[in-house]
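Data first, discussion second: the structure below is written as structure tokens.
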Amino acid sequence: MFSLIRPALFSLDAEQAHGLTVDALAAWARLGTPFAAPPPDPILRTTVAGVDFATPLGLAAGVDKNGDAIDGWFGLGFGSVEIGTLTPLPQPGNPKPRIFRLVEDRAVINRLGFNNGGIDAALPRAAAAKRPGVLGINVGANKDTTDRIADYRTGVSKAAEIADYITINISSPNTPGLRDLQHGTALAELLAACSAARGAIPLFLKIAPDLDPAAIDGIARAAIAHRIDALIVSNTTISRPDSLRSRHAAESGGLSGAPLASLARTRLADVCSATGGQLPIISVGGIDSATEAYARIRAGASLVQLYSALVYAGPSLARHINSGLAALLKRDGFASLADAIGSA
């Protein structure tokens with residue numbers, strides 16, 4: 001069915017089409033998600049940071065920033081849904097247009113800039129959702145704040161009342177200066193403040209793919225020292241592979257989708273090496289099939305997330321990845337997902 005409606009969606013501005021998709025999923029959730037994806041095969045169950053996941057496949061932050069369709073995403077087959085990025089105060093984000101489909105490349109460039117209605121508006125929706133899976137809340141700082149660390153501390157403290165886990169997002173390329181928090185004293189101060197604010201809720205850290213090995217080593221040391229529970233590797237990239245063919249390839253912002261896969265695999269390997277197995281890793285970037293999800297898991301990822309592949313593959317993607325991933329585990333003789341992690 002998606003193949004029939006995709007031309008109509010692609011005739012619309014990308015952000016408008018995205019909004020209509022979220023609205024449709026929210027309406028489906030209000031109906032109780034009839035004909036939802038079946039429960040994942042039990043072989044996909046796994047535990048990360050003390051949280052039980054029915055499947056390692058999650059929806060990445062940025063898809064449903066305001067938590068408008070949480071139960072709809074779960075109905076598609078995701079084991080976890082990460083809403084946000086949410087900031088303490090509402091903000092409109094960057095000027096439009098700010099999302100671009102690179103159709104020939106099966107990619108997306110966005111420069112949204114943490115557009116959201118604010119954490120206080122989103123949390124009641126999160127609390128009201130039935131949440132048949134794991135809910136993550138991704139928090140960030142307002143663009144014009146005078147104290148970014150205070151913004152993160154506020155977000156973590158408020159999200160801790162609702163979330164199953166919280167993600168600190170310091171990796172977006174679309175808020176000037178934000179990625180500076182990935183380094184040195186600024187990172188240490190941020191992690192200390194957020195760790196103090198989270199209570200008992202697991203705390204994840206999302207990093208950029210555009211880091212050199214020295215920066216990755218520094219982040220790994222800081223994350224371990226401050227008892228971060230997992231690293232999400234990674235956000236969109238500001239790099240542009242030579243292979244891009246779309247007329248939108250030169251647009252500024254973060255690139256995601258299929259062209260990010262190679263860089264995401266490299267960064268997964270770098271972070272696995274830097275952490276020495278002391279932290280679970282969630283791999284994001286260019287995952288569009290069970291085969292790719294399985295490869296990331298065997299390379300060391302405990303969980304995987306996707307976003308841009310939904311634009312091109314449609315709402316059945318999560319269901320297909322779940323069934324394909326279970327088949328691959330059984331084919332290779334693994335008794336559980338945990339047995340496959342890092343087995344390559």
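Simple scheme: letters A, B, ... for chains in structure tokens order, numbers from 1 for residues in each chain, numbers from 1 for ligands in the order shown.
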Inset, instruction - Please provide as a PyMOL selection string all residues within 12 Å of A:Leu181, with the sequence filter that same-chain residues fewer than 2 positions apart are discarded (counting only C-alpha atoms). - result: chain A and resi 140-141+147-149+152+168-173+175-179+183-191+205-208+215+218-219+222
Given the selection you just returned, output its residues as a file containing N, CA, C and O atoms, formatted as a short mmCIF file (atom, residue, chain, number, x, y, z; two decimals), in the first residue's frame.
data_model
loop_
_atom_site.label_atom_id
_atom_site.label_comp_id
_atom_site.auth_asym_id
_atom_site.auth_seq_id
_atom_site.Cartn_x
_atom_site.Cartn_y
_atom_site.Cartn_z
N GLY A 140 17.72 18.22 25.04
CA GLY A 140 18.75 19.13 24.53
C GLY A 140 18.62 20.50 25.14
O GLY A 140 17.81 20.73 26.04
N ALA A 141 19.42 21.42 24.63
CA ALA A 141 19.45 22.79 25.13
C ALA A 141 18.80 23.73 24.13
O ALA A 141 18.88 23.52 22.91
N ASP A 147 22.92 29.09 29.55
CA ASP A 147 23.52 28.03 30.36
C ASP A 147 23.05 26.68 29.83
O ASP A 147 22.02 26.16 30.24
N ARG A 148 23.81 26.14 28.89
CA ARG A 148 23.41 24.88 28.27
C ARG A 148 23.36 23.73 29.27
O ARG A 148 22.47 22.89 29.23
N ILE A 149 24.32 23.67 30.16
CA ILE A 149 24.33 22.57 31.13
C ILE A 149 23.09 22.63 32.01
O ILE A 149 22.48 21.59 32.32
N TYR A 152 20.23 21.09 30.08
CA TYR A 152 20.26 19.62 30.09
C TYR A 152 19.85 19.08 31.46
O TYR A 152 19.11 18.09 31.54
N ILE A 168 20.99 12.14 26.40
CA ILE A 168 21.56 13.48 26.31
C ILE A 168 22.06 13.64 24.88
O ILE A 168 22.97 12.94 24.44
N ASN A 169 21.48 14.58 24.15
CA ASN A 169 21.85 14.78 22.75
C ASN A 169 22.78 15.98 22.64
O ASN A 169 22.35 17.12 22.73
N ILE A 170 24.06 15.71 22.44
CA ILE A 170 25.04 16.79 22.23
C ILE A 170 25.67 16.66 20.85
O ILE A 170 26.78 17.14 20.62
N SER A 171 24.95 16.02 19.94
CA SER A 171 25.54 15.64 18.66
C SER A 171 24.85 16.24 17.45
O SER A 171 25.26 15.98 16.32
N SER A 172 23.82 17.05 17.63
CA SER A 172 23.16 17.65 16.48
C SER A 172 24.06 18.70 15.85
O SER A 172 24.65 19.53 16.56
N PRO A 173 24.15 18.71 14.52
CA PRO A 173 24.97 19.74 13.86
C PRO A 173 24.21 21.04 13.61
O PRO A 173 24.77 21.98 13.05
N THR A 175 22.47 23.08 15.86
CA THR A 175 22.46 24.11 16.91
C THR A 175 23.90 24.57 17.08
O THR A 175 24.75 23.78 17.52
N PRO A 176 24.22 25.81 16.73
CA PRO A 176 25.62 26.28 16.75
C PRO A 176 26.28 26.04 18.11
O PRO A 176 25.73 26.38 19.16
N GLY A 177 27.46 25.44 18.07
CA GLY A 177 28.24 25.24 19.28
C GLY A 177 27.86 24.04 20.11
O GLY A 177 28.57 23.70 21.07
N LEU A 178 26.78 23.36 19.77
CA LEU A 178 26.32 22.26 20.62
C LEU A 178 27.34 21.14 20.70
O LEU A 178 27.58 20.57 21.77
N ARG A 179 27.97 20.82 19.56
CA ARG A 179 28.91 19.70 19.55
C ARG A 179 30.18 19.98 20.36
O ARG A 179 30.94 19.06 20.64
N HIS A 183 33.49 17.45 24.31
CA HIS A 183 34.93 17.45 24.57
C HIS A 183 35.28 17.99 25.95
O HIS A 183 34.64 18.91 26.46
N GLY A 184 36.31 17.42 26.54
CA GLY A 184 37.02 17.98 27.68
C GLY A 184 36.19 18.31 28.89
O GLY A 184 35.28 17.58 29.29
N THR A 185 36.52 19.47 29.48
CA THR A 185 35.87 19.89 30.73
C THR A 185 34.37 20.09 30.55
O THR A 185 33.58 19.76 31.45
N ALA A 186 33.96 20.62 29.40
CA ALA A 186 32.53 20.84 29.16
C ALA A 186 31.76 19.53 29.22
O ALA A 186 30.67 19.46 29.81
N LEU A 187 32.31 18.48 28.64
CA LEU A 187 31.66 17.17 28.67
C LEU A 187 31.59 16.64 30.09
O LEU A 187 30.55 16.13 30.53
N ALA A 188 32.68 16.74 30.82
CA ALA A 188 32.71 16.23 32.19
C ALA A 188 31.69 16.95 33.06
O ALA A 188 30.97 16.32 33.86
N GLU A 189 31.60 18.27 32.92
CA GLU A 189 30.64 19.04 33.71
C GLU A 189 29.20 18.67 33.34
O GLU A 189 28.33 18.55 34.21
N LEU A 190 28.96 18.49 32.04
CA LEU A 190 27.62 18.12 31.59
C LEU A 190 27.21 16.76 32.14
O LEU A 190 26.11 16.59 32.68
N LEU A 191 28.08 15.76 32.01
CA LEU A 191 27.74 14.42 32.47
C LEU A 191 27.55 14.39 33.99
O LEU A 191 26.66 13.68 34.49
N LEU A 205 24.05 8.61 26.14
CA LEU A 205 24.71 9.76 25.53
C LEU A 205 24.78 9.55 24.02
O LEU A 205 25.29 8.53 23.56
N LYS A 206 24.27 10.51 23.25
CA LYS A 206 24.28 10.40 21.79
C LYS A 206 25.38 11.29 21.22
O LYS A 206 25.43 12.49 21.50
N ILE A 207 26.26 10.68 20.42
CA ILE A 207 27.42 11.40 19.89
C ILE A 207 27.36 11.50 18.37
O ILE A 207 26.58 10.81 17.71
N ALA A 208 28.21 12.35 17.83
CA ALA A 208 28.25 12.59 16.39
C ALA A 208 29.15 11.59 15.68
O ALA A 208 30.08 11.03 16.28
N ALA A 215 38.98 12.11 20.12
CA ALA A 215 37.74 12.60 20.73
C ALA A 215 36.88 11.43 21.21
O ALA A 215 36.27 11.50 22.28
N GLY A 218 38.22 10.14 24.42
CA GLY A 218 37.88 11.03 25.52
C GLY A 218 36.44 10.87 25.97
O GLY A 218 36.14 10.87 27.17
N ILE A 219 35.54 10.74 25.00
CA ILE A 219 34.13 10.53 25.33
C ILE A 219 33.94 9.20 26.06
O ILE A 219 33.20 9.12 27.04
N ALA A 222 35.09 9.54 29.65
CA ALA A 222 34.18 10.36 30.44
C ALA A 222 32.87 9.63 30.71
O ALA A 222 32.33 9.70 31.82
#
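Shell of A:Ala121 at 10 Å, with only C-alpha atoms counted and residues fewer than 5 places along the chain excluded, is Asn66, Gly67, Leu86, Pro88, Leu89, Pro90, Asn116 and Ala126 of chain A.
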Inset, instruction - Go ahead and compute the interatomic distance for atom CA of A:Ser289 and atom CA of A:Ile228, in Å to one decimal. - result: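 Going from atom CA of A:Ser289 over to atom CA of A:Ile228, I get 28.8 Å.
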Please report as JSON lines every residue of stretch 265-330 of chain A lying within 10 Å of stretch 9-24 of chain A, along with the nearest atom pair and their distance in Å (one decimal), using only C-alpha atoms.
{"residue": "A:Val311", "atom": "CA", "partner": "A:His18", "partner_atom": "CA", "distance": 8.6}
{"residue": "A:Tyr312", "atom": "CA", "partner": "A:Phe10", "partner_atom": "CA", "distance": 9.8}
{"residue": "A:Pro315", "atom": "CA", "partner": "A:Thr21", "partner_atom": "CA", "distance": 9.7}
Inset, instruction - Write out as a ChimeraX atom specification all residues of stretch 228-328 of chain A that DSSP puts in strand (DSSP E) for this structure's backbone. - result: /A:230-233,254-257,281-284,303-306
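Candidate residues A:Ala338, A:Ala230, A:Leu211, A:Val108 were compared for distance to A:Ile166, and the nearest is A:Ala230, using only C-alpha atoms.
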Legend entry - Counting only C-alpha atoms, the residue of A:Asn110, A:Gln278, A:Ser195, A:Thr47 that sits nearest A:Ala250: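 The closest residue to A:Ala250 is A:Asn110.
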Legend entry - Residue contacts of A:Thr85 (9 Å, only C-alpha atoms) excluding same-chain residues fewer than 2 positions away, as a ChimeraX atom specification: /A:61-62,64-66,82-83,87,114-116,119,137-141,167-169
Could you write out the selected residues, including all heavy atoms, as a tab-separated table (two decimals), in the first residue's frame?
chain	number	residue	atom	x	y	z
A	61	ALA	N	15.40	9.19	17.83
A	61	ALA	CA	14.89	10.53	18.12
A	61	ALA	C	14.86	11.37	16.85
A	61	ALA	O	15.62	11.15	15.92
A	61	ALA	CB	15.76	11.20	19.17
A	62	GLY	N	13.96	12.34	16.85
A	62	GLY	CA	13.83	13.23	15.70
A	62	GLY	C	12.63	12.93	14.84
A	62	GLY	O	12.15	13.80	14.12
A	64	ASP	N	9.55	11.70	16.02
A	64	ASP	CA	8.37	12.19	16.75
A	64	ASP	C	8.88	13.07	17.89
A	64	ASP	O	8.93	12.67	19.05
A	64	ASP	CB	7.56	11.01	17.28
A	64	ASP	CG	6.20	11.42	17.82
A	64	ASP	OD1	5.95	12.64	17.94
A	64	ASP	OD2	5.40	10.53	18.15
A	65	LYS	N	9.25	14.28	17.54
A	65	LYS	CA	9.89	15.16	18.52
A	65	LYS	C	9.02	15.43	19.73
A	65	LYS	O	9.50	15.50	20.86
A	65	LYS	CB	10.26	16.49	17.85
A	65	LYS	CG	11.40	16.39	16.85
A	65	LYS	CD	11.67	17.74	16.20
A	65	LYS	CE	12.84	17.68	15.24
A	65	LYS	NZ	14.13	17.54	15.91
A	66	ASN	N	7.72	15.60	19.52
A	66	ASN	CA	6.83	16.03	20.59
A	66	ASN	C	6.02	14.90	21.22
A	66	ASN	O	5.14	15.16	22.03
A	66	ASN	CB	5.89	17.11	20.06
A	66	ASN	CG	6.63	18.38	19.70
A	66	ASN	OD1	7.30	18.97	20.54
A	66	ASN	ND2	6.53	18.80	18.45
A	82	GLU	N	12.02	6.61	20.88
A	82	GLU	CA	12.71	7.72	21.53
A	82	GLU	C	12.15	9.03	21.00
A	82	GLU	O	12.31	9.35	19.82
A	82	GLU	CB	14.22	7.62	21.28
A	82	GLU	CG	15.04	8.62	22.08
A	82	GLU	CD	16.54	8.36	21.97
A	82	GLU	OE1	16.95	7.19	22.06
A	82	GLU	OE2	17.29	9.35	21.81
A	83	ILE	N	11.46	9.76	21.85
A	83	ILE	CA	10.89	11.04	21.44
A	83	ILE	C	11.90	12.17	21.70
A	83	ILE	O	12.86	12.01	22.43
A	83	ILE	CB	9.55	11.33	22.13
A	83	ILE	CG1	9.73	11.49	23.65
A	83	ILE	CG2	8.55	10.23	21.81
A	83	ILE	CD1	8.47	11.99	24.36
A	87	THR	N	13.51	20.44	24.45
A	87	THR	CA	14.25	21.49	25.14
A	87	THR	C	13.38	22.05	26.26
A	87	THR	O	12.16	21.89	26.25
A	87	THR	CB	14.64	22.60	24.16
A	87	THR	OG1	13.47	23.05	23.45
A	87	THR	CG2	15.66	22.11	23.14
A	114	PHE	N	16.33	21.56	16.52
A	114	PHE	CA	15.60	21.28	17.77
A	114	PHE	C	14.25	22.01	17.81
A	114	PHE	O	13.86	22.58	18.84
A	114	PHE	CB	16.43	21.68	19.00
A	114	PHE	CG	17.57	20.76	19.33
A	114	PHE	CD1	18.44	21.11	20.37
A	114	PHE	CD2	17.79	19.59	18.65
A	114	PHE	CE1	19.52	20.28	20.71
A	114	PHE	CE2	18.86	18.75	18.97
A	114	PHE	CZ	19.72	19.10	20.01
A	115	ASN	N	13.51	21.99	16.71
A	115	ASN	CA	12.15	22.54	16.74
A	115	ASN	C	11.28	21.61	17.58
A	115	ASN	O	11.21	20.40	17.34
A	115	ASN	CB	11.59	22.66	15.32
A	115	ASN	CG	11.55	21.32	14.60
A	115	ASN	OD1	12.56	20.61	14.54
A	115	ASN	ND2	10.40	20.97	14.05
A	116	ASN	N	10.63	22.16	18.60
A	116	ASN	CA	9.76	21.34	19.45
A	116	ASN	C	8.92	22.25	20.32
A	116	ASN	O	9.21	23.43	20.47
A	116	ASN	CB	10.59	20.38	20.31
A	116	ASN	CG	11.34	21.04	21.44
A	116	ASN	OD1	10.97	20.93	22.61
A	116	ASN	ND2	12.42	21.77	21.12
A	119	ILE	N	9.53	20.62	26.65
A	119	ILE	CA	9.37	19.38	27.39
A	119	ILE	C	8.09	19.35	28.22
A	119	ILE	O	7.47	18.29	28.39
A	119	ILE	CB	10.62	19.10	28.25
A	119	ILE	CG1	10.62	17.64	28.72
A	119	ILE	CG2	10.75	20.10	29.39
A	119	ILE	CD1	11.95	17.18	29.28
A	137	ILE	N	13.42	9.33	26.20
A	137	ILE	CA	13.21	10.76	26.02
A	137	ILE	C	14.56	11.42	25.80
A	137	ILE	O	15.47	11.29	26.62
A	137	ILE	CB	12.47	11.40	27.22
A	137	ILE	CG1	11.08	10.77	27.38
A	137	ILE	CG2	12.35	12.92	27.03
A	137	ILE	CD1	10.26	11.34	28.52
A	138	ASN	N	14.69	12.09	24.67
A	138	ASN	CA	15.93	12.72	24.23
A	138	ASN	C	15.85	14.21	24.56
A	138	ASN	O	14.89	14.88	24.17
A	138	ASN	CB	16.08	12.48	22.72
A	138	ASN	CG	17.35	13.01	22.14
A	138	ASN	OD1	17.63	14.19	22.22
A	138	ASN	ND2	18.10	12.13	21.49
A	139	VAL	N	16.85	14.73	25.29
A	139	VAL	CA	16.79	16.12	25.74
A	139	VAL	C	17.97	16.91	25.19
A	139	VAL	O	19.06	16.38	24.93
A	139	VAL	CB	16.75	16.21	27.28
A	139	VAL	CG1	15.53	15.50	27.82
A	139	VAL	CG2	18.02	15.65	27.91
A	140	GLY	N	17.72	18.22	25.04
A	140	GLY	CA	18.75	19.13	24.53
A	140	GLY	C	18.62	20.50	25.14
A	140	GLY	O	17.81	20.73	26.04
A	141	ALA	N	19.42	21.42	24.63
A	141	ALA	CA	19.45	22.79	25.13
A	141	ALA	C	18.80	23.73	24.13
A	141	ALA	O	18.88	23.52	22.91
A	141	ALA	CB	20.90	23.23	25.37
A	167	THR	N	18.13	10.21	26.95
A	167	THR	CA	19.30	10.44	26.10
A	167	THR	C	19.70	11.91	26.14
A	167	THR	O	18.88	12.80	25.94
A	167	THR	CB	19.01	10.04	24.65
A	167	THR	OG1	18.73	8.65	24.59
A	167	THR	CG2	20.20	10.35	23.75
A	168	ILE	N	20.99	12.14	26.40
A	168	ILE	CA	21.56	13.48	26.31
A	168	ILE	C	22.06	13.64	24.88
A	168	ILE	O	22.97	12.94	24.44
A	168	ILE	CB	22.74	13.64	27.28
A	168	ILE	CG1	22.39	13.22	28.70
A	168	ILE	CG2	23.25	15.08	27.27
A	168	ILE	CD1	23.62	13.03	29.58
A	169	ASN	N	21.48	14.58	24.15
A	169	ASN	CA	21.85	14.78	22.75
A	169	ASN	C	22.78	15.98	22.64
A	169	ASN	O	22.35	17.12	22.73
A	169	ASN	CB	20.59	15.00	21.89
A	169	ASN	CG	20.92	15.14	20.42
A	169	ASN	OD1	22.07	14.99	20.00
A	169	ASN	ND2	19.92	15.46	19.62
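With distances taken over only C-alpha atoms, A:Pro56 is the one residue among A:Pro92, A:Pro7, A:Gly155, A:Pro56 lying closest to A:Leu337.
Reported to one decimal place, the separation of atom CA of A:Ile297 from atom CA of A:Ser343 is 8.2 Å.
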Inset, instruction - Pick out the residues sitting within 9 Å of stretch 327-334 of chain A, and hand them over as a ChimeraX atom specification; count only C-alpha atoms, and ignore anything fewer than 3 positions along from it in its own chain. - result: /A:43-44,290-291,294,322-324,337-340
Inset, instruction - Select, from A:Pro39, A:Gly113, A:Gly300, A:Gly118, the residue with the minimum atom-to-atom distance to A:Phe78, counting only C-alpha atoms. - result: A:Pro39
Inset, instruction - Determine, counting only C-alpha atoms, which protein, DNA and RNA residues have an atom within 8 Å of an atom of A:Gly75; residues of the same chain fewer than 3 positions away are not included. Present the result as a count of residues only. - result: 7
